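S.K.: I'd like to ask some things about the structure below.
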Amino acid sequence: MKAHNDTYLPSGSISKWIDERLPIMRLMHGQFVDFPTPRNLNYMWTFGGILMFCLVTQIVTGIVLAMHYVPHADMAFDSVQRIKRDVNYGWLIQSIHAVGASMFFIAVYLHIFRGLYYGSYKAPREVLWILGVLIFLAMMATGFLGYTLPWGQMSFWGVTVITNLFSSLDEIVPGLGSSIVTWLWGGYSVTGTTLNRFFSLHFLLPFVIFGLVALHVWALHVSGQNNPTGVEMKVKSDGVPMSPFAVMKDLFALVIFVIMFAWFVFFVPDYLGHADNYIPANPLVTPAHIVPEWYFLPFYAILRAIPSKLGGVIAMFSAIIVLVFIPWLDTSRVRSTKYRPLYRWFFWLFAFTCIALGYLGAMPAEGSYVFWARVFTFY
Amino acid sequence: MSFRVLLMSAFAMYRTEPVVCVIIISYIELTNQFLRARSMLVLYLSIYGNFYRMEALLASQDNEDLTRRDFMTLAGPAFFAVGGVMALWPFIDQMNPDAGALALASIEVDLAPIAKGQAITVMWRGKPVFIRNRTLAEIEEAKNVSLEDLPDPAPDEERTKKGHENWLVNVGICTHLGCIPKGQSLSDTKGDYNGWFCPCHGSHYDTSGRIRKGPAPRNMDVPPYQFISDTKIKIG
């Protein structure tokens, strides 16, 4: 942990007694009150706090939903409807949870792009960055598993398609992929057995994410925060104590974020979902137009665009995994894109490509091209 | 009703008298019964708007003891605390019985098939309800007990409906710790008072469902019910 002045003064005799035995309040005070934050942070640095809020919201609403939800093939769909119609404030809590998933991903994408823009992945923050990628992976898994639970048409066929990705491994070792898929399903097709285990895992993973987030914050507090110039803080006056300065700024950004969140929850709760998911799952009919949740669209587009089953799957996963290696692919010694005019072009081109991939859904060459072009520019 | 109205009302609160806020809130309250949250949000905004108004008021009075900063450091956390408590309520209320449970809250029972001396058990709100067609001897027995002999004094007339004295309707749950007393079927032991006997801790109930002996503190409860015809009752 970075050395900074400890201003913690236990006031009462009880807090003194605790402080001598378990200095947890001193630790929290040191890490979240005195902690020096760069004084030039912009609003892109508020998404860490917002993401923490999202995670806690999802866990709290999720635990409530688990009290009412029934993970059974015949009852899951109805139980979600019952939550929406009968359970007191169920409409609100279900809507917060469903919209919250999207809000979580909006915030995490902005957070990731912030990191890419300002070079927050560069030494000494590689481990911090890799932990972030792991959190992102766990979030995607959780989001996918959670989307299964309403057991509508999109849920059912989404699971079928995504789990079938593993069957592409048959092209390497015949039978391997199919065996994995059967193992995932617990049967020869997606059934209530699959639903039940997905519910269990969907409950587990947020707590795994929570643990990873704790490590992520720890790693952050070892290296200290990056800032828009990419130049490390050198003297004490380069920073301000986290509380109240950064905390208040984070809170203000959080209020703005929550207003947008609330607008979705109260006025267009289903806007980010798909109408077909209001049809109960039917193993005999596939919806005419099957799409994943919006936050998976760029990856889904890569998958669809490559004219090879295995190739598409590999391209899709490598688009995520490549993030892990970015600290070493980028050999530039300048952190912030502010001072990298050429890379700035490629950054925005990459951002545009991601959105285009999401929107159009089928522009693979462009996606890979820009992605790799960008990576090569670093040299 | 649209988002526009919400924005307009928030704006009005910011600029006009609090009275106007109240009018707008009530208007939204009335027109949006199905979306209560919307009016909550507006109420919330009005509180926030009024903070600014009060703050300006305080500043204009040039009060040296109370600065704008003092006010904001009090009002800010207060605002978050009130909001926090309001946000907490849905998470508490969700554990209360839902609309599905409330919908099962009343049932109708046909009494015609129950002969003299027989009893049936029906489910009401997940609990057993004992319905007993009492014999004349049993009714006499219940009526002739002196109230002083009862731990929980209640005359038999209070526990039955006038004109239908033969029908005893009780929630079949022992008032001690919630077991179901024996005495419904003919082969059951009926306890020392010819009514019911709770096997868990030995409470004896009489032919009016009143506690006579044992640890139970109260008589068995009489659920709210009415006769909708001579042979049909509605419980709940």
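We name chains A, B, ... following the order of the structure tokens; residues begin at 1 in each chain, and ligands are numbered from 1 as shown.
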Return the neighbours of chain A among the residues of chain B, cut-off 6 Å, counting only C-alpha atoms, as a list in words.
M.R.: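 Putting it all together, I get Pro90, Gln94, Asp98, Ala99 and Gly100 of chain B.
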S.K.: If you count only C-alpha atoms, which residues fall within 9 Å of Val213 (chain A), apart from same-chain ones fewer than 3 positions away, as JSON, numbers by chain?
M.R.: {"A": [52, 131, 132, 135, 208, 209, 210, 216, 217, 218]}
S.K.: Would you return as a PyMOL selection string the members of region 41-226 of chain B that DSSP assigns to strand (DSSP E) on this structure's backbone?
M.R.: chain B and resi 107-110+119-124+127-133+167-171+194-198+203-206+211-213+225-226
S.K.: Once you have the residues from the selection above, write them out as a compact mmCIF listing (two decimals), in the first residue's frame, restricted to N, CA and C atoms.
M.R.:
```
# COMPACT_ATOMS: atom_id res chain seq x y z
N ILE B 107 -62.86 -18.74 1.18
CA ILE B 107 -63.35 -19.95 0.53
C ILE B 107 -64.82 -20.16 0.90
N GLU B 108 -65.53 -20.93 0.08
CA GLU B 108 -66.91 -21.29 0.39
C GLU B 108 -66.97 -22.79 0.70
N VAL B 109 -67.76 -23.14 1.71
CA VAL B 109 -67.86 -24.55 2.10
C VAL B 109 -69.33 -24.96 2.12
N ASP B 110 -69.62 -26.09 1.47
CA ASP B 110 -70.97 -26.65 1.47
C ASP B 110 -71.12 -27.55 2.69
N ALA B 119 -67.61 -34.21 11.71
CA ALA B 119 -66.81 -33.00 11.54
C ALA B 119 -65.97 -33.13 10.29
N ILE B 120 -65.70 -31.98 9.64
CA ILE B 120 -64.78 -32.02 8.50
C ILE B 120 -63.69 -30.98 8.72
N THR B 121 -62.62 -31.15 7.97
CA THR B 121 -61.52 -30.18 8.02
C THR B 121 -61.35 -29.61 6.63
N VAL B 122 -61.31 -28.27 6.53
CA VAL B 122 -61.06 -27.64 5.23
C VAL B 122 -59.83 -26.76 5.36
N MET B 123 -59.21 -26.48 4.20
CA MET B 123 -58.03 -25.61 4.20
C MET B 123 -58.44 -24.17 3.93
N TRP B 124 -57.98 -23.30 4.80
CA TRP B 124 -58.23 -21.87 4.59
C TRP B 124 -56.95 -21.11 4.91
N LYS B 127 -54.30 -23.07 6.47
CA LYS B 127 -54.52 -23.63 7.81
C LYS B 127 -55.74 -24.53 7.79
N PRO B 128 -55.78 -25.53 8.69
CA PRO B 128 -56.97 -26.36 8.78
C PRO B 128 -58.08 -25.62 9.54
N VAL B 129 -59.29 -25.73 9.03
CA VAL B 129 -60.44 -25.17 9.75
C VAL B 129 -61.37 -26.35 10.08
N PHE B 130 -61.68 -26.48 11.38
CA PHE B 130 -62.57 -27.55 11.83
C PHE B 130 -64.01 -27.07 11.73
N ILE B 131 -64.84 -27.85 11.03
CA ILE B 131 -66.27 -27.53 10.99
C ILE B 131 -67.00 -28.73 11.58
N ARG B 132 -67.72 -28.51 12.69
CA ARG B 132 -68.34 -29.63 13.39
C ARG B 132 -69.84 -29.40 13.47
N ASN B 133 -70.57 -30.39 13.06
CA ASN B 133 -72.03 -30.35 13.21
C ASN B 133 -72.36 -30.98 14.57
N TRP B 167 -73.54 -25.54 14.36
CA TRP B 167 -72.31 -25.46 13.58
C TRP B 167 -71.22 -24.75 14.37
N LEU B 168 -70.12 -25.47 14.60
CA LEU B 168 -68.97 -24.85 15.24
C LEU B 168 -67.84 -24.77 14.20
N VAL B 169 -67.36 -23.56 13.96
CA VAL B 169 -66.28 -23.36 13.00
C VAL B 169 -65.08 -22.78 13.74
N ASN B 170 -63.98 -23.53 13.77
CA ASN B 170 -62.77 -23.10 14.48
C ASN B 170 -61.54 -23.27 13.59
N VAL B 171 -60.56 -22.40 13.79
CA VAL B 171 -59.27 -22.65 13.16
C VAL B 171 -58.62 -23.78 13.96
N ASN B 194 -64.59 -33.91 25.67
CA ASN B 194 -65.40 -34.33 24.54
C ASN B 194 -65.24 -33.43 23.31
N GLY B 195 -64.18 -32.62 23.31
CA GLY B 195 -63.96 -31.74 22.16
C GLY B 195 -62.76 -32.19 21.37
N TRP B 196 -61.63 -31.57 21.66
CA TRP B 196 -60.38 -31.93 20.97
C TRP B 196 -59.27 -32.08 22.00
N PHE B 197 -58.24 -32.83 21.59
CA PHE B 197 -57.09 -33.03 22.46
C PHE B 197 -55.83 -32.84 21.64
N CYS B 198 -54.97 -31.95 22.11
CA CYS B 198 -53.73 -31.71 21.36
C CYS B 198 -52.65 -32.65 21.88
N SER B 203 -53.13 -30.30 25.58
CA SER B 203 -54.18 -29.31 25.84
C SER B 203 -55.54 -29.95 25.51
N HIS B 204 -56.52 -29.72 26.41
CA HIS B 204 -57.86 -30.27 26.19
C HIS B 204 -58.82 -29.14 25.83
N TYR B 205 -59.58 -29.33 24.74
CA TYR B 205 -60.58 -28.34 24.32
C TYR B 205 -61.96 -28.96 24.45
N ASP B 206 -62.97 -28.10 24.76
CA ASP B 206 -64.32 -28.64 24.93
C ASP B 206 -65.12 -28.60 23.62
N ILE B 211 -60.41 -23.76 25.50
CA ILE B 211 -59.36 -24.43 26.26
C ILE B 211 -59.88 -24.71 27.67
N ARG B 212 -59.67 -25.95 28.15
CA ARG B 212 -60.14 -26.33 29.49
C ARG B 212 -58.99 -26.74 30.38
N LYS B 213 -57.99 -27.40 29.78
CA LYS B 213 -56.93 -27.94 30.60
C LYS B 213 -55.68 -28.06 29.74
N TYR B 225 -66.47 -15.66 9.34
CA TYR B 225 -67.25 -16.41 8.33
C TYR B 225 -68.71 -15.98 8.41
N GLN B 226 -69.45 -16.26 7.36
CA GLN B 226 -70.88 -15.99 7.39
C GLN B 226 -71.64 -17.05 6.61
```
S.K.: Grab the CA of Pro224 (chain B) to CA of Pro199 (chain B) distance for me, in Å with one decimal place.
M.R.: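 Those two atoms sit 26.4 Å apart.
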S.K.: Please return, as a ChimeraX atom specification, all residues of region 324-353 of chain A that DSSP assigns to alpha helix (DSSP H) on the basis of the backbone.
M.R.: /A:324-329,341-353
S.K.: Emit the selected residues as a compact mmCIF listing (two decimals), in the first residue's frame, including N, CA and C atoms.
M.R.:
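Below is the file that was written, out_37.txt:
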```txt
# COMPACT_ATOMS: atom_id res chain seq x y z
N VAL A 324 -6.33 -9.70 -22.41
CA VAL A 324 -5.38 -10.08 -21.36
C VAL A 324 -3.95 -9.68 -21.77
N PHE A 325 -3.65 -9.79 -23.07
CA PHE A 325 -2.27 -9.60 -23.52
C PHE A 325 -1.95 -8.16 -23.90
N ILE A 326 -2.94 -7.31 -23.84
CA ILE A 326 -2.73 -5.93 -24.29
C ILE A 326 -1.56 -5.24 -23.59
N PRO A 327 -1.35 -5.45 -22.28
CA PRO A 327 -0.21 -4.76 -21.66
C PRO A 327 1.10 -5.08 -22.36
N TRP A 328 1.21 -6.25 -22.99
CA TRP A 328 2.47 -6.61 -23.63
C TRP A 328 2.43 -6.39 -25.14
N LEU A 329 1.24 -6.36 -25.71
CA LEU A 329 1.14 -6.09 -27.15
C LEU A 329 1.45 -4.63 -27.42
N PRO A 341 -1.13 10.70 -30.98
CA PRO A 341 -2.10 11.10 -32.04
C PRO A 341 -2.44 9.96 -32.99
N LEU A 342 -1.46 9.13 -33.35
CA LEU A 342 -1.75 8.05 -34.31
C LEU A 342 -2.66 7.01 -33.67
N TYR A 343 -2.27 6.59 -32.45
CA TYR A 343 -3.07 5.58 -31.75
C TYR A 343 -4.47 6.10 -31.48
N ARG A 344 -4.58 7.40 -31.29
CA ARG A 344 -5.91 7.97 -31.03
C ARG A 344 -6.88 7.63 -32.17
N TRP A 345 -6.37 7.75 -33.39
CA TRP A 345 -7.20 7.40 -34.55
C TRP A 345 -7.65 5.95 -34.48
N PHE A 346 -6.68 5.11 -34.18
CA PHE A 346 -7.02 3.70 -34.15
C PHE A 346 -7.95 3.37 -32.99
N PHE A 347 -7.80 4.09 -31.89
CA PHE A 347 -8.69 3.88 -30.75
C PHE A 347 -10.14 4.17 -31.13
N TRP A 348 -10.35 5.31 -31.75
CA TRP A 348 -11.73 5.66 -32.10
C TRP A 348 -12.27 4.77 -33.20
N LEU A 349 -11.37 4.35 -34.09
CA LEU A 349 -11.79 3.41 -35.13
C LEU A 349 -12.24 2.10 -34.49
N PHE A 350 -11.49 1.67 -33.48
CA PHE A 350 -11.83 0.45 -32.76
C PHE A 350 -13.17 0.61 -32.04
N ALA A 351 -13.35 1.75 -31.38
CA ALA A 351 -14.61 1.99 -30.68
C ALA A 351 -15.76 1.97 -31.67
N PHE A 352 -15.53 2.62 -32.84
CA PHE A 352 -16.57 2.67 -33.85
C PHE A 352 -16.88 1.25 -34.34
N THR A 353 -15.83 0.46 -34.54
CA THR A 353 -16.03 -0.91 -35.03
C THR A 353 -16.87 -1.73 -34.07
```
S.K.: Show which residues sit within 7 Å of region 94-97 of chain A, as a PDB file with N, CA and C atoms, in the first residue's frame. Count only C-alpha atoms, and ignore same-chain residues fewer than 6 positions away.
M.R.:
```pdb
ATOM      1  N   GLN A  58     -27.302  -5.642  -8.144  1.00  0.00           N
ATOM      2  CA  GLN A  58     -27.650  -6.924  -8.762  1.00  0.00           C
ATOM      3  C   GLN A  58     -27.709  -8.030  -7.715  1.00  0.00           C
ATOM      4  N   THR A  61     -30.967  -7.329  -5.418  1.00  0.00           N
ATOM      5  CA  THR A  61     -32.222  -7.645  -6.110  1.00  0.00           C
ATOM      6  C   THR A  61     -32.258  -9.127  -6.484  1.00  0.00           C
ATOM      7  N   GLY A  62     -31.084  -9.678  -6.828  1.00  0.00           N
ATOM      8  CA  GLY A  62     -31.031 -11.087  -7.223  1.00  0.00           C
ATOM      9  C   GLY A  62     -31.414 -12.006  -6.081  1.00  0.00           C
ATOM     10  N   LEU A  65     -35.090 -11.928  -5.809  1.00  0.00           N
ATOM     11  CA  LEU A  65     -35.759 -12.684  -6.873  1.00  0.00           C
ATOM     12  C   LEU A  65     -35.650 -14.184  -6.627  1.00  0.00           C
ATOM     13  N   LYS A  84     -43.552 -10.544 -11.387  1.00  0.00           N
ATOM     14  CA  LYS A  84     -43.883  -9.248 -11.974  1.00  0.00           C
ATOM     15  C   LYS A  84     -45.284  -8.774 -11.592  1.00  0.00           C
ATOM     16  N   VAL A 265     -35.919   1.676 -15.915  1.00  0.00           N
ATOM     17  CA  VAL A 265     -36.700   0.805 -15.035  1.00  0.00           C
ATOM     18  C   VAL A 265     -38.179   1.188 -15.055  1.00  0.00           C
ATOM     19  N   PRO A 269     -39.012  -0.675 -19.263  1.00  0.00           N
ATOM     20  CA  PRO A 269     -38.313  -1.801 -18.635  1.00  0.00           C
ATOM     21  C   PRO A 269     -37.967  -2.923 -19.602  1.00  0.00           C
TER      22      PRO A 269
END
```
S.K.: Write out as a list of chain:residue names which residues come within 12 Å of Val145 (chain B) when counting only C-alpha atoms, dropping same-chain ones fewer than 3 positions away.
M.R.: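 Selected residues are B:Glu138, B:Ile139, B:Glu140, B:Glu141, B:Ala142, B:Glu148, B:Asp149, B:Leu150, B:Pro151, B:Pro153, B:Ala154, B:Pro155, B:Asp156, B:Tyr193, B:Asp206, B:Thr207, B:Ser208, B:Arg210, B:Arg212.
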S.K.: Please write the residues from the selection above to a file, keeping N, CA and C atoms, as an mmCIF file, in the first residue's frame.
M.R.:
```cif
data_model
loop_
_atom_site.group_PDB
_atom_site.id
_atom_site.type_symbol
_atom_site.label_atom_id
_atom_site.label_comp_id
_atom_site.auth_asym_id
_atom_site.auth_seq_id
_atom_site.Cartn_x
_atom_site.Cartn_y
_atom_site.Cartn_z
ATOM 1 N N GLU B 138 -73.993 -32.158 22.780
ATOM 2 C CA GLU B 138 -72.749 -31.391 22.769
ATOM 3 C C GLU B 138 -73.023 -29.902 22.958
ATOM 4 N N ILE B 139 -74.089 -29.419 22.327
ATOM 5 C CA ILE B 139 -74.424 -27.991 22.464
ATOM 6 C C ILE B 139 -74.771 -27.687 23.915
ATOM 7 N N GLU B 140 -75.592 -28.572 24.499
ATOM 8 C CA GLU B 140 -75.969 -28.385 25.913
ATOM 9 C C GLU B 140 -74.735 -28.347 26.799
ATOM 10 N N GLU B 141 -73.834 -29.274 26.546
ATOM 11 C CA GLU B 141 -72.613 -29.375 27.320
ATOM 12 C C GLU B 141 -71.825 -28.062 27.251
ATOM 13 N N ALA B 142 -71.752 -27.515 26.020
ATOM 14 C CA ALA B 142 -70.988 -26.285 25.838
ATOM 15 C C ALA B 142 -71.655 -25.116 26.543
ATOM 16 N N GLU B 148 -66.720 -19.173 34.958
ATOM 17 C CA GLU B 148 -65.595 -19.122 35.906
ATOM 18 C C GLU B 148 -64.675 -20.340 35.783
ATOM 19 N N ASP B 149 -65.220 -21.433 35.224
ATOM 20 C CA ASP B 149 -64.394 -22.621 35.079
ATOM 21 C C ASP B 149 -63.463 -22.558 33.859
ATOM 22 N N LEU B 150 -63.617 -21.473 33.060
ATOM 23 C CA LEU B 150 -62.849 -21.427 31.813
ATOM 24 C C LEU B 150 -61.598 -20.568 31.960
ATOM 25 N N PRO B 151 -60.452 -21.060 31.473
ATOM 26 C CA PRO B 151 -59.233 -20.230 31.489
ATOM 27 C C PRO B 151 -59.382 -18.996 30.591
ATOM 28 N N PRO B 153 -62.485 -17.136 29.328
ATOM 29 C CA PRO B 153 -63.951 -17.158 29.375
ATOM 30 C C PRO B 153 -64.583 -16.610 28.106
ATOM 31 N N ALA B 154 -65.488 -17.388 27.510
ATOM 32 C CA ALA B 154 -66.256 -16.949 26.352
ATOM 33 C C ALA B 154 -67.494 -17.821 26.283
ATOM 34 N N PRO B 155 -68.684 -17.213 26.268
ATOM 35 C CA PRO B 155 -69.897 -18.024 26.184
ATOM 36 C C PRO B 155 -69.999 -18.677 24.814
ATOM 37 N N ASP B 156 -70.670 -19.812 24.763
ATOM 38 C CA ASP B 156 -70.820 -20.545 23.507
ATOM 39 C C ASP B 156 -71.490 -19.699 22.430
ATOM 40 N N TYR B 193 -62.877 -33.344 27.682
ATOM 41 C CA TYR B 193 -64.091 -32.508 27.600
ATOM 42 C C TYR B 193 -64.865 -32.750 26.321
ATOM 43 N N ASP B 206 -62.972 -28.103 24.756
ATOM 44 C CA ASP B 206 -64.323 -28.636 24.927
ATOM 45 C C ASP B 206 -65.117 -28.595 23.622
ATOM 46 N N THR B 207 -66.400 -28.860 23.686
ATOM 47 C CA THR B 207 -67.224 -28.950 22.479
ATOM 48 C C THR B 207 -67.494 -27.587 21.858
ATOM 49 N N SER B 208 -66.962 -26.539 22.449
ATOM 50 C CA SER B 208 -67.059 -25.218 21.840
ATOM 51 C C SER B 208 -65.680 -24.743 21.387
ATOM 52 N N ARG B 210 -63.149 -24.442 23.310
ATOM 53 C CA ARG B 210 -62.506 -23.614 24.327
ATOM 54 C C ARG B 210 -61.470 -24.422 25.095
ATOM 55 N N ARG B 212 -59.674 -25.955 28.149
ATOM 56 C CA ARG B 212 -60.140 -26.326 29.486
ATOM 57 C C ARG B 212 -58.988 -26.741 30.383
#
```
S.K.: Would you kindly return, as a list in words, each protein, DNA or RNA residue with an atom no farther than 7 Å from any atom of region 191-202 of chain A, considering only C-alpha atoms and excluding same-chain residues fewer than 5 positions away?
M.R.: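 Result of the neighbour search: Pro71, His72, Ala73, Thr142, Leu145, Gly146, Leu149, Trp185 and Gly186 of chain A.
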S.K.: Between A:Pro23, A:Gly273, A:Gly239, A:Pro244, which one has atoms that come closest to Asn227 (chain A), using only C-alpha atoms?
M.R.: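 Closest to Asn227 (chain A) of all the choices is A:Gly239.
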S.K.: Figure out the distance between CA of Leu111 (chain B) and CA of Thr175 (chain B), please, to one decimal in Å.
M.R.: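 Atom-to-atom, CA of Thr175 (chain B) and CA of Leu111 (chain B) are spaced 25.6 Å apart.
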S.K.: Which of these, A:Val258, A:Ala281, A:Leu176, A:Val231, has the shortest distance to Thr148 (chain A) once you count only C-alpha atoms?
M.R.: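 Nearest candidate to Thr148 (chain A) out of A:Val258, A:Ala281, A:Leu176, A:Val231: A:Ala281.
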